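For reference, run-v6.pdb (PDB, C-alpha atoms and all ligand atoms):
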```pdb
ATOM      1  CA  MET A 193     -53.251  16.593  20.733
ATOM      2  CA  THR A 194     -51.448  13.286  20.781
ATOM      3  CA  PHE A 195     -49.227  12.903  17.715
ATOM      4  CA  PRO A 196     -46.580  14.250  17.207
ATOM      5  CA  VAL A 197     -45.994  14.740  20.974
ATOM      6  CA  HIS A 198     -46.696  11.125  21.859
ATOM      7  CA  ARG A 199     -44.563   8.609  20.045
ATOM      8  CA  PRO A 200     -44.713   5.144  21.709
ATOM      9  CA  ARG A 201     -42.013   4.011  19.291
ATOM     10  CA  ARG A 202     -39.460   6.102  21.256
ATOM     11  CA  LEU A 203     -39.254   3.364  23.858
ATOM     12  CA  ARG A 204     -38.813   0.629  21.252
ATOM     13  CA  ARG A 205     -35.761   2.138  19.581
ATOM     14  CA  SER A 206     -33.061   0.011  21.145
ATOM     15  CA  ALA A 207     -32.671  -3.236  23.049
ATOM     16  CA  ALA A 208     -31.674  -1.261  26.158
ATOM     17  CA  LEU A 209     -34.855   0.839  26.049
ATOM     18  CA  ARG A 210     -37.041  -2.194  25.411
ATOM     19  CA  ASP A 211     -35.389  -4.009  28.322
ATOM     20  CA  LEU A 212     -35.928  -1.041  30.604
ATOM     21  CA  VAL A 213     -39.677  -0.856  30.042
ATOM     22  CA  ARG A 214     -40.401  -4.581  29.792
ATOM     23  CA  GLU A 215     -43.421  -5.455  31.958
ATOM     24  CA  THR A 216     -42.996  -9.223  32.155
ATOM     25  CA  ARG A 217     -39.651 -10.808  32.905
ATOM     26  CA  LEU A 218     -39.535 -14.499  32.330
ATOM     27  CA  SER A 219     -37.033 -16.508  34.339
ATOM     28  CA  ALA A 220     -36.310 -20.134  35.035
ATOM     29  CA  ALA A 221     -37.140 -19.456  38.693
ATOM     30  CA  GLY A 222     -40.878 -19.864  38.049
ATOM     31  CA  LEU A 223     -40.711 -23.001  35.916
ATOM     32  CA  VAL A 224     -41.678 -26.538  36.896
ATOM     33  CA  TYR A 225     -40.589 -29.513  34.777
ATOM     34  CA  PRO A 226     -43.027 -32.467  34.585
ATOM     35  CA  MET A 227     -41.543 -35.987  34.440
ATOM     36  CA  PHE A 228     -42.910 -39.520  34.068
ATOM     37  CA  ALA A 229     -41.597 -42.166  36.462
ATOM     38  CA  CYS A 230     -42.019 -45.835  35.591
ATOM     39  CA  PRO A 231     -41.053 -49.076  37.333
ATOM     40  CA  GLY A 232     -37.745 -50.861  36.827
ATOM     41  CA  ALA A 233     -34.154 -49.766  36.424
ATOM     42  CA  ASN A 234     -32.293 -48.176  33.551
ATOM     43  CA  VAL A 235     -35.502 -47.596  31.572
ATOM     44  CA  ARG A 236     -35.824 -44.590  29.292
ATOM     45  CA  THR A 237     -38.557 -44.604  26.642
ATOM     46  CA  GLU A 238     -39.304 -41.502  24.632
ATOM     47  CA  ILE A 239     -42.967 -40.569  24.169
ATOM     48  CA  ALA A 240     -43.682 -40.365  20.444
ATOM     49  CA  SER A 241     -45.937 -37.305  20.585
ATOM     50  CA  MET A 242     -43.698 -35.462  23.071
ATOM     51  CA  PRO A 243     -40.179 -35.267  21.630
ATOM     52  CA  GLY A 244     -37.546 -35.151  24.364
ATOM     53  CA  VAL A 245     -39.953 -36.274  27.102
ATOM     54  CA  CYS A 246     -39.521 -39.835  28.421
ATOM     55  CA  GLN A 247     -40.924 -42.438  30.737
ATOM     56  CA  GLN A 248     -38.017 -43.235  33.040
ATOM     57  CA  SER A 249     -37.180 -45.488  35.947
ATOM     58  CA  PRO A 250     -36.217 -43.753  39.215
ATOM     59  CA  ASP A 251     -32.447 -44.056  38.580
ATOM     60  CA  ARG A 252     -32.816 -42.247  35.233
ATOM     61  CA  ILE A 253     -35.211 -39.704  36.735
ATOM     62  CA  VAL A 254     -32.515 -38.672  39.204
ATOM     63  CA  GLU A 255     -29.996 -38.304  36.389
ATOM     64  CA  GLU A 256     -32.249 -35.934  34.477
ATOM     65  CA  CYS A 257     -33.111 -34.101  37.714
ATOM     66  CA  ARG A 258     -29.433 -33.241  38.104
ATOM     67  CA  GLU A 259     -29.573 -31.534  34.723
ATOM     68  CA  VAL A 260     -32.842 -29.776  35.633
ATOM     69  CA  ALA A 261     -31.348 -28.418  38.865
ATOM     70  CA  ASP A 262     -28.181 -27.299  37.064
ATOM     71  CA  LEU A 263     -30.327 -25.283  34.666
ATOM     72  CA  GLY A 264     -31.754 -23.298  37.577
ATOM     73  CA  ILE A 265     -35.218 -24.848  37.386
ATOM     74  CA  PRO A 266     -36.478 -25.008  40.975
ATOM     75  CA  ALA A 267     -38.959 -27.898  40.813
ATOM     76  CA  VAL A 268     -40.063 -31.075  39.094
ATOM     77  CA  LEU A 269     -43.590 -32.513  38.989
ATOM     78  CA  LEU A 270     -43.600 -36.317  39.076
ATOM     79  CA  PHE A 271     -46.238 -38.520  37.462
ATOM     80  CA  GLY A 272     -46.142 -42.279  37.944
ATOM     81  CA  LEU A 273     -46.828 -45.427  35.980
ATOM     82  CA  PRO A 274     -47.646 -48.533  38.009
ATOM     83  CA  GLU A 275     -46.431 -52.100  37.674
ATOM     84  CA  ARG A 276     -50.044 -53.240  37.705
ATOM     85  CA  LYS A 277     -53.382 -51.433  37.433
ATOM     86  CA  ASP A 278     -56.519 -52.385  39.361
ATOM     87  CA  ALA A 279     -60.037 -51.074  40.010
ATOM     88  CA  THR A 280     -59.049 -48.835  42.925
ATOM     89  CA  GLY A 281     -55.591 -47.825  41.699
ATOM     90  CA  SER A 282     -54.001 -49.322  44.792
ATOM     91  CA  GLU A 283     -50.430 -48.826  43.572
ATOM     92  CA  ALA A 284     -50.926 -45.046  43.811
ATOM     93  CA  ALA A 285     -50.196 -45.258  47.540
ATOM     94  CA  SER A 286     -47.492 -47.925  47.421
ATOM     95  CA  ALA A 287     -44.199 -47.072  49.101
ATOM     96  CA  ARG A 288     -42.507 -48.994  46.261
ATOM     97  CA  GLY A 289     -44.288 -47.020  43.524
ATOM     98  CA  ALA A 290     -42.252 -45.254  40.850
ATOM     99  CA  VAL A 291     -43.131 -41.772  42.161
ATOM    100  CA  GLN A 292     -42.288 -42.675  45.752
ATOM    101  CA  ARG A 293     -38.991 -44.320  44.749
ATOM    102  CA  SER A 294     -38.040 -41.431  42.482
ATOM    103  CA  THR A 295     -38.817 -38.922  45.227
ATOM    104  CA  GLU A 296     -36.639 -40.834  47.673
ATOM    105  CA  ALA A 297     -33.824 -41.062  45.152
ATOM    106  CA  ILE A 298     -33.928 -37.312  44.434
ATOM    107  CA  ARG A 299     -33.850 -36.619  48.167
ATOM    108  CA  LYS A 300     -30.963 -39.012  48.656
ATOM    109  CA  ALA A 301     -28.990 -37.326  45.870
ATOM    110  CA  LYS A 302     -29.399 -34.053  47.799
ATOM    111  CA  LEU A 303     -30.310 -32.104  44.690
ATOM    112  CA  ASP A 304     -31.295 -28.505  45.012
ATOM    113  CA  LEU A 305     -34.748 -29.263  43.682
ATOM    114  CA  LEU A 306     -38.302 -29.163  44.991
ATOM    115  CA  VAL A 307     -40.243 -32.360  44.426
ATOM    116  CA  ILE A 308     -43.910 -31.930  43.557
ATOM    117  CA  THR A 309     -45.900 -35.143  43.122
ATOM    118  CA  ASP A 310     -49.080 -35.635  41.127
ATOM    119  CA  VAL A 311     -51.873 -37.105  43.215
ATOM    120  CA  CYS A 312     -54.420 -38.863  41.015
ATOM    121  CA  LEU A 313     -55.694 -42.360  40.333
ATOM    122  CA  CYS A 314     -56.108 -42.356  36.541
ATOM    123  CA  GLU A 315     -52.627 -43.744  35.847
ATOM    124  CA  TYR A 316     -53.241 -46.496  38.400
ATOM    125  CA  THR A 317     -56.800 -47.656  37.703
ATOM    126  CA  ASP A 318     -57.543 -50.331  35.091
ATOM    127  CA  HIS A 319     -60.537 -48.276  33.879
ATOM    128  CA  GLY A 320     -58.456 -45.096  33.575
ATOM    129  CA  HIS A 321     -60.755 -42.817  35.577
ATOM    130  CA  CYS A 322     -59.492 -40.490  38.295
ATOM    131  CA  GLY A 323     -61.685 -42.045  40.973
ATOM    132  CA  VAL A 324     -63.397 -45.302  41.880
ATOM    133  CA  LEU A 325     -66.129 -46.412  39.489
ATOM    134  CA  GLU A 326     -69.538 -47.703  40.447
ATOM    135  CA  GLY A 327     -72.230 -48.397  37.899
ATOM    136  CA  GLY A 328     -70.195 -46.530  35.299
ATOM    137  CA  SER A 329     -69.905 -43.318  37.286
ATOM    138  CA  VAL A 330     -66.988 -41.974  39.277
ATOM    139  CA  GLN A 331     -67.709 -41.942  42.998
ATOM    140  CA  ASN A 332     -66.544 -38.795  44.735
ATOM    141  CA  ASP A 333     -66.450 -39.504  48.460
ATOM    142  CA  PRO A 334     -65.011 -43.050  48.371
ATOM    143  CA  THR A 335     -62.161 -41.664  46.233
ATOM    144  CA  LEU A 336     -61.058 -39.099  48.826
ATOM    145  CA  ALA A 337     -59.425 -41.558  51.243
ATOM    146  CA  LEU A 338     -57.494 -43.176  48.381
ATOM    147  CA  LEU A 339     -56.144 -39.807  47.248
ATOM    148  CA  ALA A 340     -55.239 -38.913  50.829
ATOM    149  CA  ASN A 341     -53.333 -42.202  51.192
ATOM    150  CA  ALA A 342     -51.417 -41.527  47.985
ATOM    151  CA  ALA A 343     -50.526 -38.021  49.180
ATOM    152  CA  VAL A 344     -49.306 -39.340  52.541
ATOM    153  CA  SER A 345     -47.117 -41.929  50.780
ATOM    154  CA  HIS A 346     -45.570 -39.133  48.696
ATOM    155  CA  ALA A 347     -44.950 -37.039  51.811
ATOM    156  CA  ARG A 348     -43.352 -40.033  53.505
ATOM    157  CA  ALA A 349     -41.011 -40.423  50.511
ATOM    158  CA  GLY A 350     -39.969 -36.791  50.887
ATOM    159  CA  ALA A 351     -42.219 -34.721  48.606
ATOM    160  CA  ASP A 352     -42.232 -30.977  49.283
ATOM    161  CA  ILE A 353     -45.563 -30.361  47.589
ATOM    162  CA  VAL A 354     -48.404 -32.705  46.614
ATOM    163  CA  ALA A 355     -50.545 -31.797  43.624
ATOM    164  CA  PRO A 356     -54.038 -33.327  43.398
ATOM    165  CA  SER A 357     -55.240 -33.330  39.772
ATOM    166  CA  ASP A 358     -58.362 -35.484  39.978
ATOM    167  CA  MET A 359     -61.043 -32.757  40.422
ATOM    168  CA  MET A 360     -62.998 -34.648  43.101
ATOM    169  CA  ASP A 361     -64.863 -32.300  45.454
ATOM    170  CA  GLY A 362     -63.351 -32.018  48.917
ATOM    171  CA  ARG A 363     -60.034 -33.646  48.105
ATOM    172  CA  VAL A 364     -57.884 -30.723  49.205
ATOM    173  CA  GLY A 365     -59.466 -30.820  52.672
ATOM    174  CA  ALA A 366     -59.162 -34.609  52.854
ATOM    175  CA  ILE A 367     -55.483 -34.509  51.847
ATOM    176  CA  ARG A 368     -54.717 -31.613  54.228
ATOM    177  CA  GLY A 369     -56.331 -33.502  57.100
ATOM    178  CA  ALA A 370     -54.471 -36.739  56.358
ATOM    179  CA  LEU A 371     -51.110 -34.983  55.995
ATOM    180  CA  ASP A 372     -51.557 -33.051  59.239
ATOM    181  CA  GLU A 373     -52.643 -36.157  61.116
ATOM    182  CA  ARG A 374     -49.507 -38.051  60.049
ATOM    183  CA  GLY A 375     -47.096 -35.275  60.954
ATOM    184  CA  PHE A 376     -46.710 -33.708  57.509
ATOM    185  CA  ALA A 377     -48.110 -30.275  58.304
ATOM    186  CA  ASP A 378     -45.245 -28.683  56.356
ATOM    187  CA  VAL A 379     -45.988 -30.449  53.077
ATOM    188  CA  ALA A 380     -47.770 -27.961  50.822
ATOM    189  CA  ILE A 381     -50.699 -28.551  48.477
ATOM    190  CA  LEU A 382     -50.712 -27.294  44.912
ATOM    191  CA  SER A 383     -54.250 -27.939  43.780
ATOM    192  CA  TYR A 384     -55.358 -28.210  40.184
ATOM    193  CA  ALA A 385     -58.241 -25.984  41.201
ATOM    194  CA  ALA A 386     -59.601 -25.164  37.756
ATOM    195  CA  LYS A 387     -58.862 -28.132  35.561
ATOM    196  CA  TYR A 388     -60.847 -28.233  32.374
ATOM    197  CA  CYS A 389     -62.096 -31.224  30.419
ATOM    198  CA  SER A 390     -59.732 -30.511  27.569
ATOM    199  CA  GLY A 391     -58.779 -31.930  24.212
ATOM    200  CA  PHE A 392     -55.206 -30.838  24.878
ATOM    201  CA  TYR A 393     -54.330 -33.743  27.186
ATOM    202  CA  GLY A 394     -53.966 -36.301  24.371
ATOM    203  CA  PRO A 395     -50.166 -36.779  24.394
ATOM    204  CA  PHE A 396     -50.104 -36.944  28.213
ATOM    205  CA  ARG A 397     -52.533 -39.831  28.156
ATOM    206  CA  GLU A 398     -50.081 -41.693  25.928
ATOM    207  CA  ALA A 399     -47.214 -40.770  28.267
ATOM    208  CA  ALA A 400     -49.076 -41.763  31.421
ATOM    209  CA  GLN A 401     -51.157 -44.529  29.827
ATOM    210  CA  SER A 402     -54.134 -42.951  31.542
ATOM    211  CA  ALA A 403     -56.865 -42.624  28.906
ATOM    212  CA  PRO A 404     -60.293 -43.572  30.283
ATOM    213  CA  GLN A 405     -61.284 -46.994  28.915
ATOM    214  CA  SER A 406     -64.930 -45.958  28.702
ATOM    215  CA  GLY A 407     -66.694 -42.616  28.783
ATOM    216  CA  ASP A 408     -64.863 -39.370  29.404
ATOM    217  CA  ARG A 409     -64.012 -36.980  32.238
ATOM    218  CA  GLN A 410     -66.872 -34.502  31.737
ATOM    219  CA  GLY A 411     -68.496 -35.617  34.977
ATOM    220  CA  TYR A 412     -65.621 -34.256  37.059
ATOM    221  CA  GLN A 413     -63.410 -31.934  35.008
ATOM    222  CA  MET A 414     -64.697 -28.450  34.180
ATOM    223  CA  ASP A 415     -66.648 -27.357  31.125
ATOM    224  CA  PRO A 416     -64.357 -25.230  28.876
ATOM    225  CA  ALA A 417     -67.211 -22.744  28.496
ATOM    226  CA  ASN A 418     -67.115 -21.698  32.164
ATOM    227  CA  ALA A 419     -64.900 -19.036  33.744
ATOM    228  CA  ARG A 420     -66.972 -17.856  36.733
ATOM    229  CA  GLU A 421     -67.155 -21.449  37.893
ATOM    230  CA  ALA A 422     -63.345 -21.492  38.002
ATOM    231  CA  LEU A 423     -63.407 -18.697  40.592
ATOM    232  CA  ARG A 424     -65.740 -20.769  42.715
ATOM    233  CA  GLU A 425     -63.482 -23.829  42.418
ATOM    234  CA  VAL A 426     -60.451 -21.763  43.412
ATOM    235  CA  ALA A 427     -62.274 -20.223  46.385
ATOM    236  CA  LEU A 428     -63.308 -23.672  47.645
ATOM    237  CA  ASP A 429     -59.807 -25.114  47.310
ATOM    238  CA  LEU A 430     -58.270 -22.167  49.156
ATOM    239  CA  GLU A 431     -60.851 -22.573  51.936
ATOM    240  CA  GLU A 432     -59.941 -26.244  52.179
ATOM    241  CA  GLY A 433     -56.270 -25.371  52.596
ATOM    242  CA  ALA A 434     -54.664 -25.231  49.146
ATOM    243  CA  ASP A 435     -51.383 -23.296  49.240
ATOM    244  CA  ILE A 436     -51.029 -22.790  45.480
ATOM    245  CA  VAL A 437     -53.852 -22.965  42.939
ATOM    246  CA  MET A 438     -53.481 -23.991  39.324
ATOM    247  CA  VAL A 439     -55.377 -23.336  36.113
ATOM    248  CA  LYS A 440     -55.053 -26.000  33.436
ATOM    249  CA  PRO A 441     -54.589 -25.970  30.447
ATOM    250  CA  ALA A 442     -52.951 -22.567  30.050
ATOM    251  CA  LEU A 443     -53.222 -21.227  26.519
ATOM    252  CA  ALA A 444     -56.933 -21.518  25.874
ATOM    253  CA  TYR A 445     -57.572 -20.264  29.437
ATOM    254  CA  LEU A 446     -55.484 -17.103  29.761
ATOM    255  CA  ASP A 447     -58.650 -15.200  30.660
ATOM    256  CA  VAL A 448     -59.258 -17.612  33.523
ATOM    257  CA  ILE A 449     -55.694 -17.154  34.799
ATOM    258  CA  GLN A 450     -56.175 -13.396  34.683
ATOM    259  CA  ARG A 451     -59.483 -13.519  36.541
ATOM    260  CA  VAL A 452     -58.066 -15.793  39.232
ATOM    261  CA  ARG A 453     -55.097 -13.420  39.588
ATOM    262  CA  GLU A 454     -57.389 -10.435  40.013
ATOM    263  CA  ARG A 455     -59.578 -12.095  42.621
ATOM    264  CA  PHE A 456     -57.094 -14.053  44.784
ATOM    265  CA  ASP A 457     -53.767 -13.387  46.459
ATOM    266  CA  ALA A 458     -52.475 -16.960  46.594
ATOM    267  CA  PRO A 459     -49.629 -17.992  44.276
ATOM    268  CA  ILE A 460     -51.069 -19.024  40.925
ATOM    269  CA  ALA A 461     -49.708 -21.742  38.694
ATOM    270  CA  ALA A 462     -50.666 -22.614  35.127
ATOM    271  CA  TYR A 463     -50.103 -25.889  33.303
ATOM    272  CA  ASN A 464     -48.833 -25.550  29.742
ATOM    273  CA  VAL A 465     -50.108 -29.032  28.894
ATOM    274  CA  SER A 466     -48.937 -31.832  26.624
ATOM    275  CA  GLY A 467     -51.113 -30.899  23.637
ATOM    276  CA  GLU A 468     -49.861 -27.319  23.752
ATOM    277  CA  PHE A 469     -46.299 -28.657  23.805
ATOM    278  CA  ALA A 470     -46.900 -31.173  21.008
ATOM    279  CA  MET A 471     -48.407 -28.532  18.688
ATOM    280  CA  VAL A 472     -45.316 -26.343  18.956
ATOM    281  CA  LYS A 473     -42.944 -29.290  18.559
ATOM    282  CA  ALA A 474     -44.767 -30.602  15.498
ATOM    283  CA  ALA A 475     -44.846 -27.221  13.793
ATOM    284  CA  ALA A 476     -41.188 -26.553  14.632
ATOM    285  CA  ARG A 477     -40.155 -29.937  13.232
ATOM    286  CA  ASN A 478     -41.837 -29.052   9.986
ATOM    287  CA  GLY A 479     -40.035 -25.742   9.875
ATOM    288  CA  TRP A 480     -43.333 -23.897  10.258
ATOM    289  CA  LEU A 481     -42.449 -22.094  13.485
ATOM    290  CA  ASP A 482     -39.303 -20.769  15.129
ATOM    291  CA  GLU A 483     -39.469 -22.945  18.256
ATOM    292  CA  LYS A 484     -37.503 -20.670  20.559
ATOM    293  CA  ARG A 485     -39.523 -17.583  19.684
ATOM    294  CA  ALA A 486     -42.832 -19.412  19.934
ATOM    295  CA  VAL A 487     -42.022 -21.017  23.284
ATOM    296  CA  LEU A 488     -40.719 -17.861  24.946
ATOM    297  CA  GLU A 489     -43.726 -15.930  23.643
ATOM    298  CA  ILE A 490     -46.127 -18.551  25.010
ATOM    299  CA  LEU A 491     -44.471 -18.640  28.435
ATOM    300  CA  THR A 492     -44.345 -14.839  28.582
ATOM    301  CA  ALA A 493     -48.062 -14.698  27.770
ATOM    302  CA  ILE A 494     -48.922 -17.160  30.529
ATOM    303  CA  GLN A 495     -46.923 -15.125  33.035
ATOM    304  CA  ARG A 496     -48.377 -11.850  31.736
ATOM    305  CA  ALA A 497     -51.865 -13.256  32.287
ATOM    306  CA  GLY A 498     -51.000 -13.721  35.958
ATOM    307  CA  ALA A 499     -49.348 -17.083  36.597
ATOM    308  CA  SER A 500     -46.109 -16.823  38.571
ATOM    309  CA  ILE A 501     -45.494 -20.575  38.335
ATOM    310  CA  ILE A 502     -45.571 -22.335  34.964
ATOM    311  CA  VAL A 503     -45.552 -26.100  34.623
ATOM    312  CA  THR A 504     -44.132 -26.831  31.186
ATOM    313  CA  TYR A 505     -42.417 -29.556  29.188
ATOM    314  CA  HIS A 506     -40.436 -26.715  27.564
ATOM    315  CA  ALA A 507     -38.788 -25.890  30.925
ATOM    316  CA  LYS A 508     -35.313 -27.215  30.119
ATOM    317  CA  ASP A 509     -35.146 -25.589  26.683
ATOM    318  CA  ALA A 510     -36.569 -22.335  28.024
ATOM    319  CA  ALA A 511     -34.065 -22.252  30.887
ATOM    320  CA  ARG A 512     -31.208 -22.705  28.400
ATOM    321  CA  TRP A 513     -32.531 -19.966  26.116
ATOM    322  CA  LEU A 514     -33.130 -17.582  29.005
ATOM    323  CA  LYS A 515     -29.570 -18.062  30.200
ATOM    324  CA  ASN A 516     -28.235 -16.903  26.849
ATOM    325  CA  CYS A 517     -30.729 -14.080  26.329
TER     326      CYS A 517
HETATM  327  C1  LIG B   1     -54.687 -36.530  35.354
HETATM  328  C2  LIG B   1     -53.823 -35.576  34.651
HETATM  329  C3  LIG B   1     -53.879 -35.244  33.305
HETATM  330  C4  LIG B   1     -52.868 -34.309  33.085
HETATM  331  C5  LIG B   1     -52.236 -34.099  34.296
HETATM  332  N1  LIG B   1     -52.854 -34.882  35.257
HETATM  333  C6  LIG B   1     -54.678 -35.764  32.196
HETATM  334  C7  LIG B   1     -56.113 -35.922  32.292
HETATM  335  O1  LIG B   1     -56.797 -35.302  33.109
HETATM  336  O2  LIG B   1     -56.588 -36.720  31.496
HETATM  337  C8  LIG B   1     -52.570 -33.669  31.770
HETATM  338  C9  LIG B   1     -51.250 -33.037  31.634
HETATM  339  C10 LIG B   1     -50.858 -32.754  30.244
HETATM  340  O3  LIG B   1     -51.634 -32.926  29.275
HETATM  341  O4  LIG B   1     -49.717 -32.336  30.058
HETATM  342  N2  LIG B   1     -54.114 -37.099  36.451
END
```

I'd like the structure from this file rewritten - as structure tokens, please.
Ligand code: PBG
Amino acid sequence: MTFPVHRPRRLRRSAALRDLVRETRLSAAGLVYPMFACPGANVRTEIASMPGVCQQSPDRIVEECREVADLGIPAVLLFGLPERKDATGSEAASARGAVQRSTEAIRKAKLDLLVITDVCLCEYTDHGHCGVLEGGSVQNDPTLALLANAAVSHARAGADIVAPSDMMDGRVGAIRGALDERGFADVAILSYAAKYCSGFYGPFREAAQSAPQSGDRQGYQMDPANAREALREVALDLEEGADIVMVKPALAYLDVIQRVRERFDAPIAAYNVSGEFAMVKAAARNGWLDEKRAVLEILTAIQRAGASIIVTYHAKDAARWLKNC
């Protein structure tokens, strides 16, 4: 006999009861705010498809970082735009690059903020691919040294964590080796271990000016149809020395996050990507969604699936809402 003895509604009667039995508690402490650093000074250009998100020069990045830290968000993830693009993305490893300069400036300002830097070539190559091209295809092994150099330049600038997002095989090991060799054994690696070839990156490619000029990324990013393969990718990255593993995008891959959580003990991050952000913003602007409710529900779902770290463009808004909850 269940009803009338069992009445699940008993625990939903009041806010206090619902709070008491809540299984997932969202907090700003697990959020990471992505930012786009560009060359120059006093530059701040909003990205049309990502309201509130801007390309900014290092001086402006630091200003916004102050606000991010004050909101209790523990970390930013920096992407960079170069002065000039070339075939090998050489500016990715430049000490004068926008990411390196922004990292230094954040360090100098002594903000209570972790700096995570994106390690990839697609923003820096003139062809827009995440590795070096030869005969129209992206070459894995020659790309590894370039990624390692970029990671070392970020560490030198003061990054706490480097985050390779290119999906080349063996890059976590190559980056770990290069960091250790140069005396950066304490710099951690957050690897985009299971990064899918997704239609949800559109707005980011506008923000980072990183759309491939020919072809697509199917030859290196994962097929959205595969979940078991994600477990293999995660296992390999952990073996190579990844400290944190990420699943990306988040919303269409909650099952993948959950399976990674069940199988591995490492901290798991999920990337609530630009297209996921833009959809909510667009609907909210039309009055079709209550933005606050939708965002907090989305972030709760990602955490419930098993991610303890969420990279999201909603981080600042969410932190404000959570403070007043
Ligand atoms: C590639 C990179 C991408 C994103 C993060 N790193 C785009 C891509 O693979 O084309 C997407 C992030 C987002 O959509 O918010 N370096």

Report task. Can you turn the PyMOL selection byres (((chain A and resi 435) around 10) and not hetatm) into a concrete residue list for this file, as a PyMOL selection string? Result -> chain A and resi 353+364+379-383+429-434+436-437+458-460

Any chance you can output those residues with C-alpha atoms as a CSV table (one decimal), keeping the file's coordinate frame?
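Listed below is the output, again_17.csv:
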```
chain,number,residue,atom,x,y,z
A,353,ILE,CA,-45.6,-30.4,47.6
A,364,VAL,CA,-57.9,-30.7,49.2
A,379,VAL,CA,-46.0,-30.4,53.1
A,380,ALA,CA,-47.8,-28.0,50.8
A,381,ILE,CA,-50.7,-28.6,48.5
A,382,LEU,CA,-50.7,-27.3,44.9
A,383,SER,CA,-54.2,-27.9,43.8
A,429,ASP,CA,-59.8,-25.1,47.3
A,430,LEU,CA,-58.3,-22.2,49.2
A,431,GLU,CA,-60.9,-22.6,51.9
A,432,GLU,CA,-59.9,-26.2,52.2
A,433,GLY,CA,-56.3,-25.4,52.6
A,434,ALA,CA,-54.7,-25.2,49.1
A,436,ILE,CA,-51.0,-22.8,45.5
A,437,VAL,CA,-53.9,-23.0,42.9
A,458,ALA,CA,-52.5,-17.0,46.6
A,459,PRO,CA,-49.6,-18.0,44.3
A,460,ILE,CA,-51.1,-19.0,40.9
```

**Report entry** Expected answer as a PyMOL selection string: residues within 9 Å of ligand LIG 1 (chain B), all atoms listed in the file
**Finding:** chain A and resi 226+271+310-315+320-322+356-359+384+387-397+399-400+402-404+408-409+413+440-441+463-469+503-505

Requested in this report: List every protein, DNA or RNA residue with an atom no more than 6 Å from (-30.0, -37.3, 41.1) in the file's coordinates, counting all atoms listed in the file, and format the result as a ChimeraX atom specification.
Outcome: /A:254-255,257-258,298,301

Write out as a tab-separated table (two decimals) with C-alpha atoms, in the coordinates of the input which residues come within 12 Å of Ile449 of chain A when counting all atoms listed in the file, dropping same-chain ones fewer than 6 positions away.
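Written output follows (result.tsv):
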```
chain	number	residue	atom	x	y	z
A	385	ALA	CA	-58.24	-25.98	41.20
A	386	ALA	CA	-59.60	-25.16	37.76
A	387	LYS	CA	-58.86	-28.13	35.56
A	419	ALA	CA	-64.90	-19.04	33.74
A	420	ARG	CA	-66.97	-17.86	36.73
A	422	ALA	CA	-63.34	-21.49	38.00
A	423	LEU	CA	-63.41	-18.70	40.59
A	426	VAL	CA	-60.45	-21.76	43.41
A	437	VAL	CA	-53.85	-22.96	42.94
A	438	MET	CA	-53.48	-23.99	39.32
A	439	VAL	CA	-55.38	-23.34	36.11
A	440	LYS	CA	-55.05	-26.00	33.44
A	441	PRO	CA	-54.59	-25.97	30.45
A	442	ALA	CA	-52.95	-22.57	30.05
A	443	LEU	CA	-53.22	-21.23	26.52
A	455	ARG	CA	-59.58	-12.10	42.62
A	456	PHE	CA	-57.09	-14.05	44.78
A	459	PRO	CA	-49.63	-17.99	44.28
A	460	ILE	CA	-51.07	-19.02	40.92
A	461	ALA	CA	-49.71	-21.74	38.69
A	462	ALA	CA	-50.67	-22.61	35.13
A	463	TYR	CA	-50.10	-25.89	33.30
A	464	ASN	CA	-48.83	-25.55	29.74
A	493	ALA	CA	-48.06	-14.70	27.77
A	494	ILE	CA	-48.92	-17.16	30.53
A	495	GLN	CA	-46.92	-15.12	33.03
A	496	ARG	CA	-48.38	-11.85	31.74
A	497	ALA	CA	-51.86	-13.26	32.29
A	498	GLY	CA	-51.00	-13.72	35.96
A	499	ALA	CA	-49.35	-17.08	36.60
A	500	SER	CA	-46.11	-16.82	38.57
A	501	ILE	CA	-45.49	-20.58	38.34
A	502	ILE	CA	-45.57	-22.34	34.96
```

Report task. For Leu218 of chain A, work out the shell of residues within 8 Å, counting all atoms listed in the file and skipping chain neighbours fewer than 4 positions away, then give it as number ranges by chain. Result -> A: 222, 491-492, 495, 514

Query raised in the report: Counting all atoms listed in the file, what is within 12 Å of Arg204 of chain A, bar same-chain residues fewer than 6 positions away, as a list in words?
Result: Arg210, Asp211, Leu212, Val213 and Arg214 of chain A

Query raised in the report: So what does the PyMOL selection byres (((chain A and resi 484-489) around 8) and not hetatm) actually pick up in this one, as number ranges by chain?
Result: A: 472, 481-483, 490-493, 506, 510, 513

Query raised in the report: What does the distance from atom CA of Glu215 of chain A to atom CA of Arg202 of chain A come to in Å, to one decimal?
Result: 16.2 Å

Centre and edges of the segment 226-235 of chain A box, axis-aligned, 4 Å extra per side, as AutoDock Vina command-line options:
```
--center_x -37.7 --center_y -41.7 --center_z 34.5 --size_x 18.7 --size_y 26.4 --size_z 13.8
```

Report task. Expand the PyMOL selection byres (((chain A and resi 351) around 8) and not hetatm) into the individual residues it matches in the shown file, reporting them as a ChimeraX atom specification. Result -> /A:295,306-309,346-350,352-354,379

Query raised in the report: Please, what distance in Å, to one decimal, runs between atom CA of Ala340 of chain A and atom CA of Gly362 of chain A?
Result: 10.8 Å

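Across the structure, atom CA of Gly281 of chain A and atom CA of Ile253 of chain A are spaced 22.5 Å apart.
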
Query raised in the report: If you count all atoms listed in the file, which residues fall within 8 Å of segment 230-245 of chain A, apart from same-chain ones fewer than 3 positions away, as JSON, numbers by chain?
Result: {"A": [227, 248, 249, 250, 251, 252, 272, 273, 274, 275, 289, 290, 291, 395, 398, 399, 466, 469, 470, 473, 505]}

Query raised in the report: Using only C-alpha atoms, which of the listed residues (A:Gly365, A:Gly479, A:Gly264, A:Gly327) sits closest to Leu339 of chain A?
Result: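 Going through A:Gly365, A:Gly479, A:Gly264, A:Gly327 one by one, the smallest distance to Leu339 of chain A is for A:Gly365.
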